[in-house]
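Colleague: So I've got this file, entry_25.tsv, and it contains TSV, C-alpha atoms:
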```
chain	number	residue	atom	x	y	z
B	28	SER	CA	96.59	111.68	128.85
B	29	PHE	CA	94.71	111.58	125.52
B	30	GLU	CA	91.41	110.53	127.12
B	31	ASN	CA	91.60	113.35	129.66
B	32	ASN	CA	92.70	115.85	127.01
B	33	LEU	CA	95.94	116.57	128.83
B	34	VAL	CA	97.58	116.33	125.41
B	35	PRO	CA	95.60	118.47	122.90
B	36	PRO	CA	94.72	116.98	119.48
B	37	GLU	CA	97.14	119.32	117.70
B	38	VAL	CA	100.03	118.02	119.80
B	39	ARG	CA	98.95	114.41	119.27
B	40	VAL	CA	99.05	114.83	115.50
B	41	ALA	CA	102.34	116.73	115.64
B	42	LEU	CA	103.88	113.98	117.78
B	43	GLY	CA	102.70	111.41	115.23
B	44	PHE	CA	104.38	113.21	112.35
B	45	VAL	CA	107.56	113.83	114.35
B	46	ALA	CA	107.73	110.17	115.39
B	47	GLY	CA	107.12	108.94	111.83
B	48	LEU	CA	109.68	111.27	110.28
B	49	GLY	CA	112.16	110.48	113.04
B	50	LEU	CA	111.88	106.77	112.38
B	51	LEU	CA	112.34	107.28	108.62
B	52	VAL	CA	115.41	109.45	109.13
B	53	GLY	CA	116.80	107.02	111.70
B	54	GLY	CA	116.30	104.11	109.32
B	55	VAL	CA	118.00	105.85	106.41
B	56	VAL	CA	120.90	107.14	108.52
B	57	SER	CA	121.53	103.76	110.13
B	58	LYS	CA	121.78	101.96	106.81
B	59	ARG	CA	124.77	99.74	107.36
B	60	LYS	CA	125.17	96.08	106.57
B	61	GLU	CA	125.06	95.05	110.21
B	62	TYR	CA	121.96	97.19	110.86
B	63	GLU	CA	120.02	96.35	107.71
B	64	ALA	CA	117.07	94.68	109.45
B	65	THR	CA	116.86	97.49	112.03
B	66	ALA	CA	116.94	100.18	109.34
B	67	GLN	CA	114.15	98.53	107.36
B	68	THR	CA	112.05	98.03	110.49
B	69	LEU	CA	112.42	101.69	111.46
B	70	CYS	CA	111.43	102.85	107.97
B	71	ALA	CA	108.47	100.48	107.77
B	72	THR	CA	107.18	101.59	111.17
B	73	GLY	CA	107.68	105.24	110.28
B	74	THR	CA	105.70	104.76	107.06
B	75	VAL	CA	102.76	103.24	108.93
B	76	ILE	CA	102.79	106.04	111.53
B	77	LEU	CA	102.83	108.75	108.85
B	78	TYR	CA	99.86	107.16	107.07
B	79	ALA	CA	98.00	106.96	110.39
B	80	ALA	CA	98.82	110.55	111.38
B	81	SER	CA	97.73	111.87	107.97
B	82	PHE	CA	94.47	109.97	108.15
B	83	ALA	CA	93.83	111.06	111.75
B	84	CYS	CA	94.26	114.71	110.72
B	85	HIS	CA	91.33	114.33	108.37
B	86	ALA	CA	89.04	111.66	109.78
B	87	TYR	CA	89.28	112.19	113.54
B	88	TYR	CA	90.39	115.77	114.16
B	89	HIS	CA	89.26	117.46	110.91
B	90	PHE	CA	92.39	119.59	110.72
B	91	THR	CA	92.86	119.02	106.99
B	92	GLY	CA	90.51	118.65	104.05
B	93	ALA	CA	90.37	115.65	101.77
B	94	ALA	CA	92.63	117.24	99.14
B	95	THR	CA	95.37	118.16	101.62
B	96	THR	CA	95.24	114.76	103.30
B	97	PHE	CA	95.34	113.07	99.91
B	98	GLY	CA	98.48	115.03	99.09
B	99	LEU	CA	100.10	114.04	102.39
B	100	MET	CA	99.39	110.36	101.83
B	101	VAL	CA	100.66	110.53	98.25
B	102	LEU	CA	103.87	112.09	99.58
B	103	VAL	CA	104.22	109.26	102.10
B	104	THR	CA	103.74	106.71	99.30
B	105	VAL	CA	106.38	108.32	97.09
B	106	THR	CA	108.77	108.51	100.03
B	107	ALA	CA	108.19	104.84	100.82
B	108	PHE	CA	109.02	103.86	97.22
B	109	LEU	CA	112.21	105.94	97.23
B	110	ILE	CA	113.36	104.52	100.57
B	111	ALA	CA	112.52	100.98	99.43
B	112	VAL	CA	114.86	101.41	96.45
B	113	ARG	CA	117.59	103.09	98.51
B	114	LEU	CA	117.57	100.53	101.32
B	115	ASN	CA	116.52	97.52	99.24
B	116	ALA	CA	113.61	97.29	101.69
B	117	LEU	CA	110.86	95.12	100.23
B	118	VAL	CA	108.55	95.52	103.24
B	119	VAL	CA	108.61	99.31	102.85
B	120	ALA	CA	107.66	98.99	99.18
B	121	ILE	CA	104.73	96.72	100.06
B	122	LEU	CA	103.51	99.16	102.72
B	123	GLY	CA	103.76	101.97	100.17
B	124	ILE	CA	101.63	99.99	97.72
B	125	LEU	CA	99.01	99.14	100.34
B	126	GLY	CA	98.85	102.70	101.60
B	127	GLY	CA	98.76	104.06	98.08
B	128	PHE	CA	95.78	101.97	97.01
B	129	LEU	CA	93.93	102.53	100.30
B	130	THR	CA	94.30	106.32	100.12
B	131	PRO	CA	91.39	106.95	97.68
B	132	LEU	CA	89.17	104.54	99.62
B	133	LEU	CA	89.91	106.10	103.00
B	134	LEU	CA	89.42	109.64	101.69
B	135	SER	CA	86.46	109.05	99.40
B	136	THR	CA	83.99	111.96	99.31
B	137	GLY	CA	81.26	109.97	97.58
B	138	VAL	CA	81.55	112.20	94.48
B	139	ASP	CA	82.56	110.71	91.15
B	140	ASN	CA	85.86	112.07	89.81
B	141	ALA	CA	87.07	109.26	87.59
B	142	LEU	CA	89.83	111.28	85.89
B	143	SER	CA	91.54	112.23	89.16
B	144	LEU	CA	91.05	108.79	90.73
B	145	PHE	CA	92.44	106.75	87.85
B	146	GLY	CA	95.09	109.32	87.01
B	147	TYR	CA	96.40	108.82	90.54
B	148	ILE	CA	96.18	105.01	90.26
B	149	ALA	CA	98.06	105.14	86.94
B	150	ILE	CA	100.88	107.17	88.52
B	151	LEU	CA	100.95	104.74	91.46
B	152	ASP	CA	101.14	101.76	89.08
B	153	ALA	CA	103.91	103.38	87.06
B	154	GLY	CA	105.87	104.00	90.25
B	155	LEU	CA	105.54	100.46	91.52
B	156	VAL	CA	106.52	99.06	88.10
B	157	ALA	CA	109.65	101.23	88.21
B	158	VAL	CA	110.48	99.97	91.72
B	159	ALA	CA	109.76	96.36	90.71
B	160	LEU	CA	112.09	96.51	87.71
B	161	ASN	CA	114.76	98.47	89.55
B	162	ARG	CA	114.98	95.92	92.37
B	163	ARG	CA	113.71	92.89	90.41
B	164	TRP	CA	110.74	92.50	92.76
B	165	HIS	CA	108.58	91.49	89.84
B	166	PHE	CA	105.72	90.12	91.93
B	167	LEU	CA	104.94	93.69	93.03
B	168	VAL	CA	103.46	94.25	89.57
B	169	GLY	CA	100.88	91.62	90.51
B	170	PHE	CA	99.92	93.74	93.53
B	171	GLY	CA	99.48	96.66	91.14
B	172	VAL	CA	97.15	94.67	88.90
B	173	LEU	CA	95.11	93.48	91.87
B	174	GLY	CA	94.82	96.96	93.37
B	175	THR	CA	93.91	98.44	90.00
B	176	LEU	CA	91.27	95.81	89.35
B	177	LEU	CA	89.69	96.27	92.80
B	178	THR	CA	89.62	100.04	92.25
B	179	GLN	CA	87.95	99.58	88.87
B	180	ILE	CA	85.35	97.24	90.37
B	181	GLY	CA	84.68	99.66	93.22
B	182	TRP	CA	84.23	102.60	90.86
B	183	THR	CA	81.98	100.57	88.56
B	184	ARG	CA	79.81	99.43	91.42
B	185	GLN	CA	79.36	102.91	92.88
B	186	PHE	CA	79.38	105.28	89.92
B	187	PHE	CA	78.98	103.47	86.61
B	188	ALA	CA	75.95	104.28	84.49
B	189	ALA	CA	75.12	103.64	80.84
B	190	GLY	CA	76.12	107.18	79.91
B	191	GLN	CA	79.66	106.55	81.14
B	192	VAL	CA	80.35	103.55	78.96
B	193	TRP	CA	83.00	105.31	76.88
B	194	THR	CA	84.70	106.67	80.00
B	195	ALA	CA	84.84	103.13	81.34
B	196	PHE	CA	86.23	101.80	78.07
B	197	ALA	CA	88.93	104.49	78.05
B	198	ILE	CA	89.93	103.75	81.65
B	199	LEU	CA	90.10	100.00	81.10
B	200	ALA	CA	92.03	100.36	77.84
B	201	ALA	CA	94.53	102.78	79.41
B	202	PHE	CA	95.44	100.36	82.21
B	203	ASN	CA	95.62	97.41	79.84
B	204	LEU	CA	98.13	99.40	77.80
B	205	LEU	CA	100.02	100.46	80.92
B	206	PHE	CA	100.69	96.88	82.02
B	207	LEU	CA	101.43	95.83	78.44
B	208	GLY	CA	103.99	98.64	78.47
B	209	ALA	CA	105.44	97.23	81.71
B	210	PHE	CA	105.87	93.86	80.00
B	211	LEU	CA	107.57	95.45	76.99
B	212	TRP	CA	109.82	97.53	79.25
B	213	GLY	CA	110.82	94.41	81.17
B	214	ASP	CA	111.50	92.58	77.93
B	215	LYS	CA	113.65	95.45	76.69
B	216	VAL	CA	115.84	95.47	79.80
B	217	GLY	CA	116.18	91.68	79.87
B	218	GLN	CA	113.71	91.04	82.66
B	219	ARG	CA	111.05	89.02	80.90
B	220	ASN	CA	109.36	86.82	83.50
B	221	ARG	CA	106.05	85.20	84.33
B	222	TRP	CA	104.89	88.04	86.57
B	223	LEU	CA	105.14	90.71	83.89
B	224	SER	CA	103.76	88.34	81.26
B	225	GLY	CA	100.91	87.19	83.49
B	226	CYS	CA	99.95	90.73	84.49
B	227	ALA	CA	99.94	91.87	80.86
B	228	VAL	CA	97.40	89.10	80.14
B	229	ALA	CA	95.45	89.02	83.43
B	230	LEU	CA	94.12	92.59	83.44
B	231	PRO	CA	92.75	92.50	79.85
B	232	PHE	CA	91.21	89.11	80.65
B	233	ALA	CA	89.53	90.59	83.74
B	234	THR	CA	88.40	93.58	81.67
```
What does this structure look like when you write it as structure tokens?
Modeller:
Amino acid sequence: SFENNLVPPEVRVALGFVAGLGLLVGGVVSKRKEYEATAQTLCATGTVILYAASFACHAYYHFTGAATTFGLMVLVTVTAFLIAVRLNALVVAILGILGGFLTPLLLSTGVDNALSLFGYIAILDAGLVAVALNRRWHFLVGFGVLGTLLTQIGWTRQFFAAGQVWTAFAILAAFNLLFLGAFLWGDKVGQRNRWLSGCAVALPFAT
């Protein structure tokens, strides 16, 4: 039907969003002890479909611009984090992290906008730290450090020039402080552990 255009692109995208939202709602509504695995599977699948539909809107059908698509994918990431906490669904949190870090890469315009890029990454990191401490999934902070480091390397490779040295220093210092803050927060709430400690050391070392 798609190949013969019996289903127009607008309907394809709409069906994608309806399916994704339906799976999320179904997963949240069916949250009972006996249906825990089913609920998490529905939410995880819905999250993937919503990411795919948002990306297809921009990359394949050109219905939305980069800014609008970015906003949609950020909304999906935030929703994934909230559902992960509500359902105690680790797989949904991991998908949210992966989708969150891939969003700038998938929607890159080739134009340097370091403030917006790293402001978004900082908010993403803060969110995943909050989820990690709330559910004691401390290893998620390691995913945040890895994603942050890869983003920094990618930006440096593509956009860094000698005139931006102070911008780079400010970005690196801000994230070092962010993960140091995560360690201090964990220590304050009695969750000191090797993941928070290691991340607080690993990113400055990589810097």
Colleague: Which distance in Å separates atom CA of Gly181 of chain B and atom CA of Gly126 of chain B, to one decimal?
Modeller: 16.7 Å
Colleague: Give me the residues of segment 99-165 of chain B that have any atom at most 9 Å from an atom of segment 214-231 of chain B; for each, the nearest atom pair and the distance in Å, rounded to one decimal. Use all atoms listed in the file, sort by chain and number, and format it as JSON lines.
Modeller:
```
{"residue": "B:Leu160", "atom": "CA", "partner": "B:Gln218", "partner_atom": "CA", "distance": 7.6}
{"residue": "B:Arg163", "atom": "CA", "partner": "B:Gln218", "partner_atom": "CA", "distance": 8.0}
{"residue": "B:His165", "atom": "CA", "partner": "B:Trp222", "partner_atom": "CA", "distance": 6.0}
```
Colleague: Could you tell me how far atom CA of Phe206 of chain B sits from atom CA of Phe145 of chain B, in Å to one decimal place?
Modeller: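 Atom-to-atom, atom CA of Phe145 of chain B and atom CA of Phe206 of chain B are spaced 14.1 Å apart.
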Colleague: List as a VMD selection string: which residues have an atom within 12 Å of (107.4, 113.8, 111.7), counting only C-alpha atoms?
Modeller: chain B and resid 38 to 53 73 to 81 99 103
Colleague: Choose the residue, out of B:Tyr147, B:Phe232, B:Tyr87, B:Trp164, that has the smallest atom-to-atom separation from Leu117 of chain B; count all atoms listed in the file.
Modeller: B:Trp164
Colleague: So how many Å separate atom CA of Gly127 of chain B and atom CA of Leu109 of chain B, to one decimal?
Modeller: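 These atoms are spaced 13.6 Å apart.
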Colleague: Looking at B:Leu167, B:Val192, B:Leu134, B:Ala233, which one is nearest to Ala94 of chain B, with distances taken over all atoms listed in the file?
Modeller: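 The answer is B:Leu134, which sits nearest to Ala94 of chain B.
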Colleague: With only C-alpha atoms as the atoms that count, which of B:Ile124, B:Val168, B:Ala83, B:Val119 lies nearest to Gly208 of chain B?
Modeller: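 Closest to Gly208 of chain B, using only C-alpha atoms: B:Val168.
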Colleague: Compute the distance from (115.9, 104.7, 108.1) to each atom, counting all atoms listed in the file, keep the residues with any atom at most 9 Å away, and return them as a list in words; use the coordinates of the file.
Modeller: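 Output of the proximity query reads Gly49, Leu50, Leu51, Val52, Gly53, Gly54, Val55, Val56, Ser57, Lys58, Thr65, Ala66, Gln67, Thr68, Leu69, Cys70, Ala71, Gly73, Ile110 and Leu114 of chain B.
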Colleague: Segment 110-126 of chain B, all listed atoms, 4 Å padding on each side: what axis-aligned box centre and edge lengths in Å to one decimal come out, as AutoDock Vina command-line options?
Modeller:
```
--center_x 108.2 --center_y 99.8 --center_z 99.8 --size_x 26.7 --size_y 17.4 --size_z 14.8
```
Colleague: Point out the residue among B:Leu132, B:Ala107, B:Val118, B:Leu205 with the least atom-to-atom distance to Ala149 of chain B, counting all atoms listed in the file.
Modeller: B:Leu205
Colleague: Write out as a ChimeraX atom specification each polymer residue whose atoms come within 10 Å of Leu125 of chain B, counting only C-alpha atoms; drop sequence neighbours fewer than 6 positions from it.
Modeller: /B:104,119,170-171,174
Colleague: Find the residue from B:Ala111, B:Ala116, B:Ala141, B:Ala64 that sits nearest to Gln185 of chain B; use only C-alpha atoms when measuring.
Modeller: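 Closest candidate: B:Ala141.
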Colleague: Considering all atoms listed in the file, can you say which of B:Phe202, B:Tyr88, B:Trp212, B:Tyr62 comes closest to Thr178 of chain B?
Modeller: B:Phe202
